[in-house]
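> Before I ask anything, let me first share the structure, which is written out below as structure tokens.
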Amino acid sequence: MAAILYSYARFKGYDVSSTVDLSRYVDVGQVSAWAQTVIGWSNVQGLITGNTATTLNPIGSATRAEVTTILMNFCENIVK
């Protein structure tokens, strides 16, 4: 989901250069190398903030409520 939103934002010309250090998340090692930038951007933008303060759950499934929250955050934080 993060990759789709990142690609869409880049396509629309939004700034996707911001990223954040994900080392505070204990499961950051489960984030694929190609997705590090995408997840870092999603996190700094407030789209994907993790299941807890220290876990991202990058290989888990998102619930409908989580997807709704991510999409709402995208519309409020990214879309201009």
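Naming scheme: A, B, ... for chains in displayed order of the structure tokens; residues 1 onward per chain; ligands 1 onward as shown.
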Could you list, as a PyMOL selection string, every residue within 8 Å of range 68-79 of chain A, counting only C-alpha atoms and ignoring same-chain residues fewer than 6 positions away?
chain A and resi 5+9+14+45-48
> For Gly29 in chain A, find every residue with an atom within 12 Å (counting only C-alpha atoms), except residues of its own chain fewer than 4 positions away, and show them as a ChimeraX atom specification.
/A:22-25,33,35-36,55-59
> Just checking: using only C-alpha atoms, which residue out of A:Asp15, A:Arg10, A:Thr54, A:Lys80 ends up closest to Val28 in chain A?
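Smallest separation from Val28 in chain A among the options: A:Thr54.
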> As a PyMOL selection string, please: every residue in chain A that a backbone DSSP assignment puts in alpha helix (DSSP H).
chain A and resi 2-11+36-44+64-77
> May I have the residues from that selection written out with N, CA and C atoms, as a compact mmCIF listing (two decimals), in the first residue's frame?

```txt
# COMPACT_ATOMS: atom_id res chain seq x y z
N ALA A 2 1.93 1.23 0.79
CA ALA A 2 2.83 2.38 0.84
C ALA A 2 3.45 2.64 -0.53
N ALA A 3 3.82 1.59 -1.22
CA ALA A 3 4.44 1.73 -2.54
C ALA A 3 3.47 2.34 -3.54
N ILE A 4 2.21 1.96 -3.47
CA ILE A 4 1.21 2.51 -4.38
C ILE A 4 1.03 4.01 -4.12
N LEU A 5 0.90 4.38 -2.85
CA LEU A 5 0.71 5.79 -2.52
C LEU A 5 1.95 6.61 -2.85
N TYR A 6 3.13 6.06 -2.61
CA TYR A 6 4.38 6.73 -2.94
C TYR A 6 4.47 6.96 -4.45
N SER A 7 4.17 5.94 -5.23
CA SER A 7 4.22 6.06 -6.69
C SER A 7 3.19 7.07 -7.20
N TYR A 8 2.01 7.05 -6.61
CA TYR A 8 0.99 8.01 -7.01
C TYR A 8 1.42 9.44 -6.68
N ALA A 9 1.96 9.64 -5.50
CA ALA A 9 2.41 10.97 -5.09
C ALA A 9 3.52 11.46 -6.02
N ARG A 10 4.45 10.58 -6.36
CA ARG A 10 5.53 10.94 -7.28
C ARG A 10 4.95 11.29 -8.66
N PHE A 11 4.01 10.48 -9.13
CA PHE A 11 3.36 10.72 -10.42
C PHE A 11 2.67 12.08 -10.46
N GLN A 36 12.61 0.45 1.72
CA GLN A 36 13.10 1.29 2.81
C GLN A 36 12.74 2.76 2.60
N THR A 37 12.99 3.28 1.40
CA THR A 37 12.68 4.68 1.10
C THR A 37 11.18 4.92 1.15
N VAL A 38 10.42 4.01 0.60
CA VAL A 38 8.96 4.14 0.57
C VAL A 38 8.38 4.16 1.98
N ILE A 39 8.81 3.23 2.81
CA ILE A 39 8.31 3.18 4.18
C ILE A 39 8.78 4.39 4.98
N GLY A 40 10.02 4.81 4.75
CA GLY A 40 10.53 6.00 5.42
C GLY A 40 9.72 7.24 5.06
N TRP A 41 9.37 7.37 3.77
CA TRP A 41 8.54 8.49 3.33
C TRP A 41 7.14 8.39 3.93
N SER A 42 6.56 7.20 3.89
CA SER A 42 5.21 7.00 4.43
C SER A 42 5.16 7.31 5.92
N ASN A 43 6.23 6.97 6.61
CA ASN A 43 6.29 7.20 8.05
C ASN A 43 6.43 8.69 8.37
N VAL A 44 7.34 9.37 7.69
CA VAL A 44 7.54 10.79 7.97
C VAL A 44 6.31 11.61 7.60
N ARG A 64 -9.33 -3.20 7.38
CA ARG A 64 -10.06 -2.15 6.65
C ARG A 64 -9.93 -0.82 7.36
N ALA A 65 -9.97 -0.84 8.68
CA ALA A 65 -9.83 0.40 9.45
C ALA A 65 -8.45 1.02 9.25
N GLU A 66 -7.41 0.19 9.22
CA GLU A 66 -6.05 0.71 9.00
C GLU A 66 -5.91 1.30 7.60
N VAL A 67 -6.46 0.62 6.61
CA VAL A 67 -6.40 1.13 5.24
C VAL A 67 -7.14 2.46 5.14
N THR A 68 -8.30 2.55 5.77
CA THR A 68 -9.07 3.79 5.77
C THR A 68 -8.27 4.92 6.40
N THR A 69 -7.62 4.64 7.51
CA THR A 69 -6.80 5.65 8.19
C THR A 69 -5.65 6.11 7.31
N ILE A 70 -4.98 5.17 6.66
CA ILE A 70 -3.85 5.50 5.79
C ILE A 70 -4.34 6.38 4.63
N LEU A 71 -5.44 6.00 4.00
CA LEU A 71 -5.97 6.79 2.89
C LEU A 71 -6.42 8.18 3.35
N MET A 72 -7.05 8.26 4.51
CA MET A 72 -7.47 9.55 5.05
C MET A 72 -6.25 10.43 5.33
N ASN A 73 -5.21 9.84 5.93
CA ASN A 73 -3.99 10.59 6.19
C ASN A 73 -3.34 11.06 4.90
N PHE A 74 -3.38 10.23 3.86
CA PHE A 74 -2.83 10.62 2.56
C PHE A 74 -3.59 11.83 2.03
N CYS A 75 -4.91 11.77 2.07
CA CYS A 75 -5.71 12.89 1.57
C CYS A 75 -5.49 14.17 2.37
N GLU A 76 -5.34 14.04 3.67
CA GLU A 76 -5.17 15.22 4.52
C GLU A 76 -3.74 15.77 4.51
N ASN A 77 -2.75 14.89 4.40
CA ASN A 77 -1.35 15.32 4.53
C ASN A 77 -0.64 15.53 3.21
```
> So what do you get for CA of Thr19 in chain A versus CA of Thr63 in chain A, distance-wise?
24.6 Å
